[in-house]
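Everything below concerns the one structure shown next.
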Amino acid sequence: MRSLIMALFLSQCILVFHGALGGAGDASSSIAANPTNLPTYPHLSKASVMHTGRATAKVYNAETHDAYDTVVAWYRQRLVGAKESESGFVKDTLTFSLPNGRQVIVQGRPPITYITLSNNAD
């Protein structure tokens with residue numbers, strides 16, 4: 001249940017993130033550094049860090065114009081052993097769950113694929 005709540009929360013973060021960065025701008029100035037210990041997809045067009053209110057929790061939201069399947073395949077190669085689960089609520093949404101509450105969520109909304117990396121503080 002906790003994983004479902006976290007996945008739904010992070011899915012909403014993706015939508016909020018997309019709305020906050022919807023304007024045009026220089027892509028290099030729109031890519032924040034990834035503070036998590038999770039792999040950063042190499043072809044990002046935008047990225048930001050969401051402050052969770054908990055000092056050790058980190059959420060990194062990113063966008064790419066690469067296809068959903070391409071991004072999923074890239075993460076599958078790097079997150080070997082992660083538990084994968086598809087959303088029963090949102091099409092083209094895959095969550096990779098790792099030990100210690102770490103998650104990678106990939107969500108396809110053509111022409112953009114959204115990526116959320118999270119380090120849970122628990």
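By order of appearance in the structure tokens: chains A, B, ..., then residues from 1 within every chain, and ligands from 1 in the order shown.
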Closest atom pairs, range 22-77 of chain A residues within 12 Å of range 101-110 of chain A, only C-alpha atoms, as a tab-separated table:
residue	atom	partner	partner_atom	distance
A:Thr36	CA	A:Arg102	CA	9.1
A:Asn37	CA	A:Arg102	CA	9.1
A:Leu38	CA	A:Val104	CA	8.0
A:Pro39	CA	A:Val104	CA	9.2
A:Thr40	CA	A:Val104	CA	10.1
A:Tyr41	CA	A:Val106	CA	10.7
A:Thr56	CA	A:Gly101	CA	12.0
A:Ala57	CA	A:Arg102	CA	9.8
A:Lys58	CA	A:Arg102	CA	9.6
A:Val59	CA	A:Gln103	CA	9.5
A:Tyr60	CA	A:Val104	CA	9.5
A:Asn61	CA	A:Ile105	CA	9.5
A:Ala62	CA	A:Val106	CA	9.6
A:Glu63	CA	A:Gln107	CA	9.6
A:Thr64	CA	A:Gly108	CA	9.8
A:His65	CA	A:Pro110	CA	8.0
A:Asp66	CA	A:Pro110	CA	9.0
A:Ala67	CA	A:Gly108	CA	7.4
A:Tyr68	CA	A:Gly108	CA	5.0
A:Asp69	CA	A:Gly108	CA	8.4
A:Thr70	CA	A:Gly108	CA	10.4
A:Val71	CA	A:Val106	CA	7.4
A:Val72	CA	A:Val106	CA	6.8
A:Ala73	CA	A:Val106	CA	10.5
A:Trp74	CA	A:Val106	CA	10.8
A:Tyr75	CA	A:Val104	CA	8.4
A:Arg76	CA	A:Val104	CA	10.5
- [ ] Have a look at A:Val80, A:Ile115, A:Ile31, A:Leu44 and name the one nearest to Thr93 in chain A; count only C-alpha atoms.
- [x]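 With only C-alpha atoms as the atom set, the closest residue is A:Ile115.
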Open item on the list: To one decimal place in Å, what is the distance between CA of Asn119 in chain A and CA of Ser45 in chain A?
Closed with: 21.8 Å
TODO: Provide the CA of Lys83 in chain A to CA of Met50 in chain A distance in Å, to one decimal place.
DONE: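 Value for the CA of Lys83 in chain A-CA of Met50 in chain A distance: 24.0 Å.
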